[in-house]
file final-v5.txt (compact mmCIF, N, CA and C atoms)
# COMPACT_ATOMS: atom_id res chain seq x y z
N MET A 1 -4.51 -17.32 4.66
CA MET A 1 -5.34 -16.14 4.43
C MET A 1 -4.58 -14.89 4.89
N THR A 2 -4.63 -13.88 4.07
CA THR A 2 -3.97 -12.61 4.38
C THR A 2 -5.00 -11.64 4.94
N GLU A 3 -4.60 -10.91 5.97
CA GLU A 3 -5.50 -9.91 6.55
C GLU A 3 -4.73 -8.64 6.89
N LEU A 4 -5.45 -7.55 6.96
CA LEU A 4 -4.89 -6.26 7.35
C LEU A 4 -5.22 -6.01 8.81
N LYS A 5 -4.23 -5.54 9.56
CA LYS A 5 -4.47 -5.14 10.94
C LYS A 5 -3.89 -3.74 11.11
N PRO A 6 -4.67 -2.82 11.68
CA PRO A 6 -4.13 -1.47 11.89
C PRO A 6 -2.83 -1.50 12.68
N ILE A 7 -1.92 -0.60 12.33
CA ILE A 7 -0.69 -0.45 13.09
C ILE A 7 -1.05 0.31 14.37
N THR A 8 -0.66 -0.27 15.49
CA THR A 8 -0.92 0.30 16.81
C THR A 8 0.35 0.23 17.65
N GLU A 9 0.24 0.65 18.89
CA GLU A 9 1.40 0.56 19.78
C GLU A 9 1.79 -0.89 20.04
N ASP A 10 0.89 -1.82 19.75
CA ASP A 10 1.18 -3.24 19.98
C ASP A 10 1.99 -3.89 18.86
N ASN A 11 1.98 -3.31 17.66
CA ASN A 11 2.64 -3.99 16.55
C ASN A 11 3.56 -3.12 15.69
N PHE A 12 3.77 -1.87 16.08
CA PHE A 12 4.57 -1.01 15.21
C PHE A 12 6.02 -1.46 15.12
N ILE A 13 6.55 -2.11 16.15
CA ILE A 13 7.93 -2.60 16.09
C ILE A 13 8.04 -3.71 15.04
N GLU A 14 6.99 -4.54 14.90
CA GLU A 14 6.98 -5.55 13.85
C GLU A 14 7.14 -4.89 12.48
N ALA A 15 6.45 -3.76 12.28
CA ALA A 15 6.55 -3.04 11.01
C ALA A 15 7.97 -2.51 10.81
N PHE A 16 8.59 -2.02 11.88
CA PHE A 16 9.95 -1.51 11.77
C PHE A 16 10.93 -2.60 11.37
N ASN A 17 10.63 -3.85 11.71
CA ASN A 17 11.54 -4.96 11.43
C ASN A 17 11.37 -5.55 10.03
N LEU A 18 10.41 -5.07 9.25
CA LEU A 18 10.25 -5.56 7.88
C LEU A 18 11.44 -5.12 7.04
N LYS A 19 11.81 -5.95 6.10
CA LYS A 19 12.97 -5.65 5.25
C LYS A 19 12.64 -5.95 3.79
N LEU A 20 13.22 -5.16 2.93
CA LEU A 20 13.19 -5.41 1.49
C LEU A 20 14.54 -5.96 1.06
N ALA A 21 14.56 -6.63 -0.07
CA ALA A 21 15.84 -6.99 -0.66
C ALA A 21 16.56 -5.69 -1.02
N PRO A 22 17.90 -5.67 -0.93
CA PRO A 22 18.63 -4.42 -1.20
C PRO A 22 18.26 -3.77 -2.53
N GLU A 23 18.06 -4.56 -3.58
CA GLU A 23 17.74 -3.98 -4.89
C GLU A 23 16.32 -3.41 -4.95
N GLN A 24 15.48 -3.70 -3.94
CA GLN A 24 14.11 -3.19 -3.92
C GLN A 24 13.97 -1.91 -3.10
N GLU A 25 14.98 -1.56 -2.35
CA GLU A 25 14.87 -0.42 -1.43
C GLU A 25 14.60 0.90 -2.13
N LYS A 26 14.93 1.00 -3.42
CA LYS A 26 14.66 2.23 -4.16
C LYS A 26 13.19 2.33 -4.57
N PHE A 27 12.44 1.24 -4.42
CA PHE A 27 11.05 1.22 -4.89
C PHE A 27 10.04 1.72 -3.87
N VAL A 28 10.32 1.61 -2.59
CA VAL A 28 9.30 1.94 -1.58
C VAL A 28 9.98 2.42 -0.30
N SER A 29 9.32 3.35 0.38
CA SER A 29 9.85 3.84 1.65
C SER A 29 9.66 2.80 2.73
N HIS A 30 10.57 2.79 3.67
CA HIS A 30 10.48 1.89 4.81
C HIS A 30 9.31 2.30 5.70
N PRO A 31 8.69 1.34 6.39
CA PRO A 31 7.57 1.67 7.28
C PRO A 31 7.88 2.73 8.33
N ILE A 32 9.13 2.89 8.74
CA ILE A 32 9.45 3.94 9.72
C ILE A 32 9.08 5.31 9.13
N ARG A 33 9.48 5.57 7.90
CA ARG A 33 9.15 6.84 7.25
C ARG A 33 7.64 6.94 7.04
N SER A 34 7.05 5.87 6.59
CA SER A 34 5.62 5.86 6.33
C SER A 34 4.80 6.14 7.59
N LEU A 35 5.22 5.57 8.70
CA LEU A 35 4.48 5.81 9.95
C LEU A 35 4.63 7.25 10.43
N ALA A 36 5.74 7.87 10.12
CA ALA A 36 5.88 9.30 10.43
C ALA A 36 4.87 10.10 9.60
N GLN A 37 4.72 9.74 8.32
CA GLN A 37 3.72 10.39 7.49
C GLN A 37 2.31 10.10 8.00
N ALA A 38 2.07 8.88 8.45
CA ALA A 38 0.75 8.52 8.99
C ALA A 38 0.41 9.38 10.19
N TYR A 39 1.39 9.70 11.00
CA TYR A 39 1.14 10.56 12.14
C TYR A 39 0.74 11.96 11.68
N VAL A 40 1.45 12.49 10.72
CA VAL A 40 1.15 13.83 10.21
C VAL A 40 -0.25 13.87 9.59
N TYR A 41 -0.62 12.83 8.84
CA TYR A 41 -1.90 12.78 8.14
C TYR A 41 -2.93 11.92 8.87
N ARG A 42 -2.82 11.83 10.20
CA ARG A 42 -3.62 10.88 10.98
C ARG A 42 -5.13 11.03 10.85
N ARG A 43 -5.61 12.17 10.41
CA ARG A 43 -7.06 12.35 10.26
C ARG A 43 -7.57 11.84 8.92
N GLN A 44 -6.65 11.40 8.07
CA GLN A 44 -7.07 10.97 6.74
C GLN A 44 -6.34 9.72 6.26
N CYS A 45 -5.74 8.98 7.18
CA CYS A 45 -5.04 7.78 6.71
C CYS A 45 -5.07 6.67 7.75
N GLN A 46 -4.78 5.47 7.24
CA GLN A 46 -4.71 4.29 8.10
C GLN A 46 -3.55 3.41 7.65
N PRO A 47 -2.53 3.24 8.51
CA PRO A 47 -1.47 2.29 8.20
C PRO A 47 -1.87 0.89 8.67
N PHE A 48 -1.49 -0.11 7.89
CA PHE A 48 -1.83 -1.49 8.20
C PHE A 48 -0.60 -2.38 8.15
N GLY A 49 -0.57 -3.36 9.03
CA GLY A 49 0.32 -4.49 8.88
C GLY A 49 -0.40 -5.51 8.02
N ILE A 50 0.32 -6.16 7.14
CA ILE A 50 -0.23 -7.24 6.33
C ILE A 50 0.18 -8.53 7.03
N TYR A 51 -0.81 -9.33 7.41
CA TYR A 51 -0.56 -10.54 8.18
C TYR A 51 -0.95 -11.79 7.40
N ALA A 52 -0.15 -12.83 7.59
CA ALA A 52 -0.44 -14.16 7.06
C ALA A 52 -0.13 -15.15 8.18
N ASP A 53 -1.10 -15.95 8.51
CA ASP A 53 -0.93 -16.95 9.58
C ASP A 53 -0.41 -16.32 10.87
N GLY A 54 -0.96 -15.15 11.21
CA GLY A 54 -0.62 -14.49 12.46
C GLY A 54 0.70 -13.75 12.48
N LYS A 55 1.44 -13.73 11.37
CA LYS A 55 2.74 -13.06 11.31
C LYS A 55 2.66 -11.87 10.36
N MET A 56 3.25 -10.74 10.78
CA MET A 56 3.31 -9.59 9.89
C MET A 56 4.29 -9.88 8.77
N VAL A 57 3.78 -9.85 7.54
CA VAL A 57 4.61 -10.14 6.36
C VAL A 57 4.79 -8.92 5.46
N GLY A 58 4.10 -7.83 5.81
CA GLY A 58 4.19 -6.64 4.97
C GLY A 58 3.51 -5.45 5.61
N TYR A 59 3.46 -4.38 4.85
CA TYR A 59 2.96 -3.09 5.33
C TYR A 59 2.31 -2.35 4.17
N VAL A 60 1.26 -1.60 4.48
CA VAL A 60 0.63 -0.73 3.48
C VAL A 60 -0.10 0.40 4.22
N MET A 61 -0.22 1.54 3.57
CA MET A 61 -0.97 2.65 4.15
C MET A 61 -1.99 3.14 3.13
N VAL A 62 -3.19 3.41 3.63
CA VAL A 62 -4.26 3.99 2.81
C VAL A 62 -4.45 5.42 3.29
N ILE A 63 -4.43 6.36 2.36
CA ILE A 63 -4.62 7.76 2.70
C ILE A 63 -5.69 8.36 1.79
N TYR A 64 -6.46 9.28 2.34
CA TYR A 64 -7.51 9.95 1.59
C TYR A 64 -7.06 11.36 1.25
N ASP A 65 -7.09 11.70 -0.02
CA ASP A 65 -6.73 13.04 -0.48
C ASP A 65 -8.01 13.84 -0.66
N TYR A 66 -8.29 14.73 0.27
CA TYR A 66 -9.52 15.52 0.24
C TYR A 66 -9.55 16.50 -0.93
N ASP A 67 -8.39 16.90 -1.44
CA ASP A 67 -8.33 17.88 -2.51
C ASP A 67 -8.81 17.33 -3.85
N ILE A 68 -8.66 16.03 -4.08
CA ILE A 68 -8.98 15.50 -5.42
C ILE A 68 -10.46 15.13 -5.57
N PRO A 69 -11.17 14.46 -4.78
CA PRO A 69 -10.87 13.50 -3.72
C PRO A 69 -10.58 12.11 -4.29
N GLU A 70 -9.69 11.39 -3.58
CA GLU A 70 -9.36 10.02 -3.97
C GLU A 70 -8.69 9.32 -2.81
N TYR A 71 -8.69 8.01 -2.88
CA TYR A 71 -7.93 7.18 -1.94
C TYR A 71 -6.60 6.83 -2.61
N ASP A 72 -5.54 6.88 -1.82
CA ASP A 72 -4.21 6.55 -2.33
C ASP A 72 -3.64 5.38 -1.53
N VAL A 73 -2.98 4.49 -2.23
CA VAL A 73 -2.28 3.37 -1.61
C VAL A 73 -0.81 3.76 -1.57
N TRP A 74 -0.26 3.83 -0.36
CA TRP A 74 1.12 4.29 -0.18
C TRP A 74 1.98 3.19 0.43
N HIS A 75 3.20 3.09 -0.01
CA HIS A 75 4.27 2.33 0.64
C HIS A 75 3.98 0.84 0.83
N MET A 76 3.24 0.25 -0.08
CA MET A 76 2.95 -1.18 0.07
C MET A 76 4.23 -1.99 -0.15
N MET A 77 4.49 -2.89 0.79
CA MET A 77 5.68 -3.74 0.68
C MET A 77 5.44 -5.06 1.39
N ILE A 78 6.09 -6.09 0.85
CA ILE A 78 6.10 -7.41 1.46
C ILE A 78 7.54 -7.71 1.87
N ASP A 79 7.73 -8.19 3.09
CA ASP A 79 9.05 -8.50 3.60
C ASP A 79 9.78 -9.46 2.65
N ARG A 80 11.08 -9.25 2.51
CA ARG A 80 11.88 -10.04 1.56
C ARG A 80 11.77 -11.54 1.80
N ASP A 81 11.60 -11.96 3.05
CA ASP A 81 11.51 -13.39 3.35
C ASP A 81 10.11 -13.96 3.09
N SER A 82 9.14 -13.11 2.79
CA SER A 82 7.77 -13.57 2.58
C SER A 82 7.29 -13.35 1.15
N GLN A 83 8.16 -12.84 0.29
CA GLN A 83 7.76 -12.58 -1.09
C GLN A 83 7.58 -13.88 -1.87
N GLY A 84 6.75 -13.80 -2.90
CA GLY A 84 6.53 -14.95 -3.77
C GLY A 84 5.45 -15.90 -3.29
N ASN A 85 4.70 -15.51 -2.27
CA ASN A 85 3.65 -16.36 -1.71
C ASN A 85 2.24 -15.85 -2.01
N GLY A 86 2.13 -14.80 -2.82
CA GLY A 86 0.82 -14.25 -3.15
C GLY A 86 0.27 -13.25 -2.14
N TYR A 87 1.06 -12.90 -1.14
CA TYR A 87 0.58 -11.99 -0.10
C TYR A 87 0.28 -10.59 -0.64
N GLY A 88 1.07 -10.12 -1.59
CA GLY A 88 0.84 -8.78 -2.14
C GLY A 88 -0.51 -8.66 -2.81
N GLY A 89 -0.85 -9.63 -3.64
CA GLY A 89 -2.15 -9.61 -4.32
C GLY A 89 -3.31 -9.74 -3.34
N GLU A 90 -3.16 -10.64 -2.37
CA GLU A 90 -4.21 -10.81 -1.37
C GLU A 90 -4.37 -9.54 -0.53
N ALA A 91 -3.25 -8.93 -0.16
CA ALA A 91 -3.31 -7.69 0.62
C ALA A 91 -3.98 -6.58 -0.18
N LEU A 92 -3.66 -6.49 -1.47
CA LEU A 92 -4.27 -5.46 -2.30
C LEU A 92 -5.79 -5.66 -2.38
N ASP A 93 -6.24 -6.91 -2.46
CA ASP A 93 -7.68 -7.18 -2.41
C ASP A 93 -8.29 -6.66 -1.12
N GLU A 94 -7.60 -6.86 0.00
CA GLU A 94 -8.11 -6.39 1.30
C GLU A 94 -8.10 -4.86 1.37
N VAL A 95 -7.08 -4.24 0.80
CA VAL A 95 -7.02 -2.78 0.76
C VAL A 95 -8.21 -2.23 -0.02
N ILE A 96 -8.50 -2.82 -1.16
CA ILE A 96 -9.63 -2.36 -1.99
C ILE A 96 -10.95 -2.56 -1.24
N LYS A 97 -11.08 -3.68 -0.57
CA LYS A 97 -12.28 -3.94 0.24
C LYS A 97 -12.44 -2.87 1.32
N TYR A 98 -11.34 -2.51 1.98
CA TYR A 98 -11.36 -1.46 3.00
C TYR A 98 -11.78 -0.13 2.39
N ILE A 99 -11.20 0.23 1.25
CA ILE A 99 -11.51 1.50 0.60
C ILE A 99 -12.99 1.57 0.20
N ARG A 100 -13.55 0.45 -0.19
CA ARG A 100 -14.98 0.44 -0.55
C ARG A 100 -15.89 0.85 0.60
N THR A 101 -15.41 0.75 1.84
CA THR A 101 -16.22 1.19 2.99
C THR A 101 -16.19 2.71 3.13
N LYS A 102 -15.35 3.37 2.34
CA LYS A 102 -15.21 4.83 2.33
C LYS A 102 -14.99 5.39 3.74
N PRO A 103 -13.93 4.93 4.39
CA PRO A 103 -13.71 5.31 5.79
C PRO A 103 -13.41 6.79 6.03
N PHE A 104 -12.93 7.51 5.02
CA PHE A 104 -12.57 8.91 5.22
C PHE A 104 -13.39 9.88 4.39
N GLY A 105 -14.10 9.39 3.38
CA GLY A 105 -14.87 10.26 2.52
C GLY A 105 -15.30 9.53 1.27
N ASP A 106 -16.14 10.21 0.51
CA ASP A 106 -16.73 9.59 -0.67
C ASP A 106 -15.84 9.79 -1.89
N SER A 107 -15.41 8.68 -2.46
CA SER A 107 -14.67 8.70 -3.72
C SER A 107 -14.62 7.28 -4.25
N ASP A 108 -14.73 7.16 -5.56
CA ASP A 108 -14.61 5.86 -6.22
C ASP A 108 -13.24 5.68 -6.86
N ARG A 109 -12.38 6.66 -6.72
CA ARG A 109 -11.07 6.64 -7.36
C ARG A 109 -10.00 6.20 -6.36
N VAL A 110 -9.20 5.23 -6.78
CA VAL A 110 -8.05 4.77 -6.00
C VAL A 110 -6.82 4.98 -6.87
N ALA A 111 -5.79 5.59 -6.31
CA ALA A 111 -4.57 5.86 -7.07
C ALA A 111 -3.36 5.35 -6.31
N LEU A 112 -2.33 5.05 -7.06
CA LEU A 112 -1.04 4.70 -6.48
C LEU A 112 0.02 5.03 -7.49
N THR A 113 1.26 5.11 -7.03
CA THR A 113 2.37 5.27 -7.94
C THR A 113 3.31 4.08 -7.77
N CYS A 114 4.03 3.79 -8.83
CA CYS A 114 4.93 2.64 -8.84
C CYS A 114 6.17 3.00 -9.64
N ASN A 115 7.31 2.61 -9.14
CA ASN A 115 8.55 2.84 -9.84
C ASN A 115 8.52 2.15 -11.20
N LYS A 116 8.94 2.87 -12.23
CA LYS A 116 8.93 2.33 -13.60
C LYS A 116 9.82 1.10 -13.75
N GLU A 117 10.81 0.96 -12.86
CA GLU A 117 11.73 -0.16 -12.93
C GLU A 117 11.28 -1.35 -12.07
N ASN A 118 10.00 -1.36 -11.70
CA ASN A 118 9.47 -2.43 -10.86
C ASN A 118 8.35 -3.17 -11.62
N PRO A 119 8.72 -3.95 -12.65
CA PRO A 119 7.71 -4.58 -13.49
C PRO A 119 6.83 -5.59 -12.75
N LEU A 120 7.35 -6.23 -11.70
CA LEU A 120 6.53 -7.18 -10.95
C LEU A 120 5.38 -6.47 -10.25
N ALA A 121 5.65 -5.32 -9.66
CA ALA A 121 4.60 -4.57 -8.98
C ALA A 121 3.60 -4.01 -10.01
N ILE A 122 4.09 -3.48 -11.11
CA ILE A 122 3.19 -2.95 -12.14
C ILE A 122 2.27 -4.06 -12.64
N LYS A 123 2.82 -5.23 -12.88
CA LYS A 123 2.02 -6.37 -13.34
C LYS A 123 0.95 -6.73 -12.32
N LEU A 124 1.30 -6.75 -11.04
CA LEU A 124 0.34 -7.04 -9.98
C LEU A 124 -0.80 -6.02 -9.98
N TYR A 125 -0.45 -4.73 -10.02
CA TYR A 125 -1.47 -3.69 -9.98
C TYR A 125 -2.39 -3.78 -11.20
N GLU A 126 -1.82 -4.01 -12.37
CA GLU A 126 -2.65 -4.13 -13.58
C GLU A 126 -3.54 -5.37 -13.50
N LYS A 127 -3.04 -6.45 -12.94
CA LYS A 127 -3.85 -7.66 -12.77
C LYS A 127 -5.06 -7.39 -11.87
N LYS A 128 -4.91 -6.49 -10.92
CA LYS A 128 -6.00 -6.14 -10.01
C LYS A 128 -6.91 -5.05 -10.57
N GLY A 129 -6.64 -4.61 -11.80
CA GLY A 129 -7.52 -3.66 -12.45
C GLY A 129 -7.03 -2.23 -12.51
N PHE A 130 -5.88 -1.95 -11.93
CA PHE A 130 -5.32 -0.60 -12.01
C PHE A 130 -4.83 -0.34 -13.43
N VAL A 131 -5.01 0.89 -13.87
CA VAL A 131 -4.67 1.28 -15.23
C VAL A 131 -3.72 2.48 -15.18
N PRO A 132 -2.62 2.43 -15.93
CA PRO A 132 -1.72 3.59 -15.98
C PRO A 132 -2.46 4.81 -16.54
N THR A 133 -2.25 5.96 -15.92
CA THR A 133 -2.93 7.19 -16.36
C THR A 133 -2.10 7.96 -17.38
N GLY A 134 -0.83 7.62 -17.51
CA GLY A 134 0.07 8.39 -18.37
C GLY A 134 0.81 9.47 -17.61
N THR A 135 0.42 9.71 -16.36
CA THR A 135 1.10 10.69 -15.52
C THR A 135 2.34 10.06 -14.90
N GLU A 136 3.44 10.80 -14.97
CA GLU A 136 4.69 10.32 -14.38
C GLU A 136 5.21 11.36 -13.40
N TYR A 137 5.80 10.85 -12.33
CA TYR A 137 6.46 11.68 -11.32
C TYR A 137 7.89 11.16 -11.18
N ASP A 138 8.84 11.87 -11.73
CA ASP A 138 10.24 11.44 -11.71
C ASP A 138 10.35 10.01 -12.23
N ASP A 139 10.64 9.05 -11.36
CA ASP A 139 10.83 7.67 -11.79
C ASP A 139 9.61 6.78 -11.53
N GLU A 140 8.46 7.41 -11.27
CA GLU A 140 7.25 6.64 -10.97
C GLU A 140 6.13 6.95 -11.95
N ILE A 141 5.26 5.94 -12.13
CA ILE A 141 4.06 6.13 -12.93
C ILE A 141 2.85 6.04 -12.01
N GLU A 142 1.79 6.73 -12.40
CA GLU A 142 0.54 6.68 -11.65
C GLU A 142 -0.40 5.65 -12.28
N LEU A 143 -1.07 4.88 -11.43
CA LEU A 143 -2.09 3.94 -11.88
C LEU A 143 -3.34 4.21 -11.05
N THR A 144 -4.52 4.02 -11.66
CA THR A 144 -5.76 4.25 -10.92
C THR A 144 -6.72 3.09 -11.12
N LEU A 145 -7.66 3.02 -10.22
CA LEU A 145 -8.71 2.00 -10.24
C LEU A 145 -10.00 2.69 -9.80
N THR A 146 -11.10 2.34 -10.43
CA THR A 146 -12.41 2.83 -10.01
C THR A 146 -13.08 1.72 -9.20
N VAL A 147 -13.52 2.05 -8.00
CA VAL A 147 -14.22 1.08 -7.14
C VAL A 147 -15.63 1.55 -6.89
N LYS A 148 -16.52 0.63 -6.80
CA LYS A 148 -17.93 0.95 -6.50
C LYS A 148 -18.31 0.33 -5.19
call {"tool": "encode", "arguments": {"input": "final-v5.txt", "output": "structure tokens"}}
result
Amino acid sequence: MTELKPITEDNFIEAFNLKLAPEQEKFVSHPIRSLAQAYVYRRQCQPFGIYADGKMVGYVMVIYDYDIPEYDVWHMMIDRDSQGNGYGGEALDEVIKYIRTKPFGDSDRVALTCNKENPLAIKLYEKKGFVPTGTEYDDEIELTLTVK
């Protein structure tokens, strides 16, 4: 079973030790950068470790954009040694469950961006109900999901 645990002073080093395969590093920022952003946006975001069987296997951050308003999924990654076990899909289910509690504000819109050259991630997001909006940012596409 996969679960999300908030990043705290007790587990942030575990997040720093997560690694992507070299060819994946262009797809997502490392948790060190993401946690710096989490500090800046601390009133509207929550970084999580993704855990399986008590071990951190990945990282994801949920942020609320008050201007739109919407929830955004940022920097989701599964450690290179833990990929291929279904943790990404399970973690995304947990992220959506968390967003449904509306921890930062009211919105039914969830958005994320994904590198166009990352077909495995795009396939995962579409399988979970995310739909491409047609909006592109440099080498990334935007996908959204409506949650109730």
call {"tool": "residues_around", "arguments": {"input": "final-v5.txt", "residues": "Asn115 in chain A", "least_positions_apart": "2", "cutoff": "6 Å", "atoms": "all atoms listed in the file", "output": "ChimeraX atom specification"}}
result
/A:27,113,117-118,139-141
call {"tool": "closest_atom_pairs", "arguments": {"input": "final-v5.txt", "of": "range 42-83 of chain A", "to": "range 7-25 of chain A", "cutoff": "5 Å", "atoms": "only N, CA and C atoms", "output": "CSV"}}
result
residue,atom,partner,partner_atom,distance
A:Pro47,C,A:Ile7,N,4.0
A:Phe48,CA,A:Ile7,N,4.2
A:Gly49,N,A:Ile7,N,4.5
A:Asp79,CA,A:Lys19,C,4.4
A:Arg80,N,A:Lys19,C,3.9
call {"tool": "atom_distance", "arguments": {"input": "final-v5.txt", "atom1": "CA of Val147 in chain A", "atom2": "CA of Gly88 in chain A"}}
result
18.7 Å
call {"tool": "select_by_dssp", "arguments": {"input": "final-v5.txt", "residues": "range 2-140 of chain A", "states": "helix (DSSP H, G or I)", "output": "number ranges by chain"}}
result
A: 12-16, 22-24, 31-40, 80-82, 87-100, 119-127
call {"tool": "closest_residue", "arguments": {"input": "final-v5.txt", "among": "A:Asp72, A:Glu90, A:Glu126, A:Asp81", "to": "Arg109 in chain A", "atoms": "all atoms listed in the file"}}
result
A:Asp72
call {"tool": "residues_around", "arguments": {"input": "final-v5.txt", "residues": "Tyr59 in chain A", "least_positions_apart": "2", "cutoff": "5 Å", "atoms": "all atoms listed in the file", "output": "count of residues only"}}
result
8
call {"tool": "residues_around", "arguments": {"input": "final-v5.txt", "residues": "Gly89 in chain A", "least_positions_apart": "6", "cutoff": "12 Å", "atoms": "only C-alpha atoms", "output": "list of chain:residue names"}}
result
A:Met1, A:Thr2, A:Glu3, A:Ile50, A:Gly58, A:Met76, A:Met77, A:Ile78, A:Gln83, A:Val95, A:Ile96, A:Leu120, A:Ala121, A:Ile122, A:Lys123, A:Leu124, A:Tyr125, A:Glu126, A:Lys127, A:Lys128, A:Gly129
call {"tool": "axis_aligned_box", "arguments": {"input": "final-v5.txt", "around": "range 13-29 of chain A", "padding_each_side": "4 Å", "output": "JSON"}}
result
{"center_x": 12.5, "center_y": -1.6, "center_z": 5.6, "size_x": 20.2, "size_y": 18.8, "size_z": 29.1}
call {"tool": "residues_around", "arguments": {"input": "final-v5.txt", "residues": "range 66-68 of chain A", "least_positions_apart": "3", "cutoff": "12 Å", "atoms": "only C-alpha atoms", "output": "PyMOL selection string"}}
result
chain A and resi 41+43-45+63+71-72+104-111
call {"tool": "atom_distance", "arguments": {"input": "final-v5.txt", "atom1": "atom C of Asp93 in chain A", "atom2": "CA of Lys26 in chain A"}}
result
24.8 Å
call {"tool": "atom_distance", "arguments": {"input": "final-v5.txt", "atom1": "atom C of Asp138 in chain A", "atom2": "atom N of Ala91 in chain A"}}
result
26.3 Å
call {"tool": "closest_residue", "arguments": {"input": "final-v5.txt", "among": "A:Pro119, A:Pro132, A:Gly86, A:Pro6", "to": "Gln46 in chain A", "atoms": "only C-alpha atoms"}}
result
A:Pro6
call {"tool": "residues_around", "arguments": {"input": "final-v5.txt", "residues": "Ser34 in chain A", "least_positions_apart": "3", "cutoff": "9 Å", "atoms": "only C-alpha atoms", "output": "ChimeraX atom specification"}}
result
/A:29-31,37-39,47,60-61,74-75
call {"tool": "closest_residue", "arguments": {"input": "final-v5.txt", "among": "A:Ile32, A:Ala52, A:Val40, A:Leu4", "to": "Tyr87 in chain A", "atoms": "only C-alpha atoms"}}
result
A:Ala52
call {"tool": "residues_near_point", "arguments": {"input": "final-v5.txt", "point": "(-3.2, 6.2, -11.1)", "cutoff": "6 Å", "atoms": "only C-alpha atoms", "output": "ChimeraX atom specification"}}
result
/A:111-112,132-133,142-144
call {"tool": "closest_residue", "arguments": {"input": "final-v5.txt", "among": "A:Ser82, A:Thr146, A:Thr135, A:Thr101", "to": "Lys55 in chain A", "atoms": "only C-alpha atoms"}}
result
A:Ser82
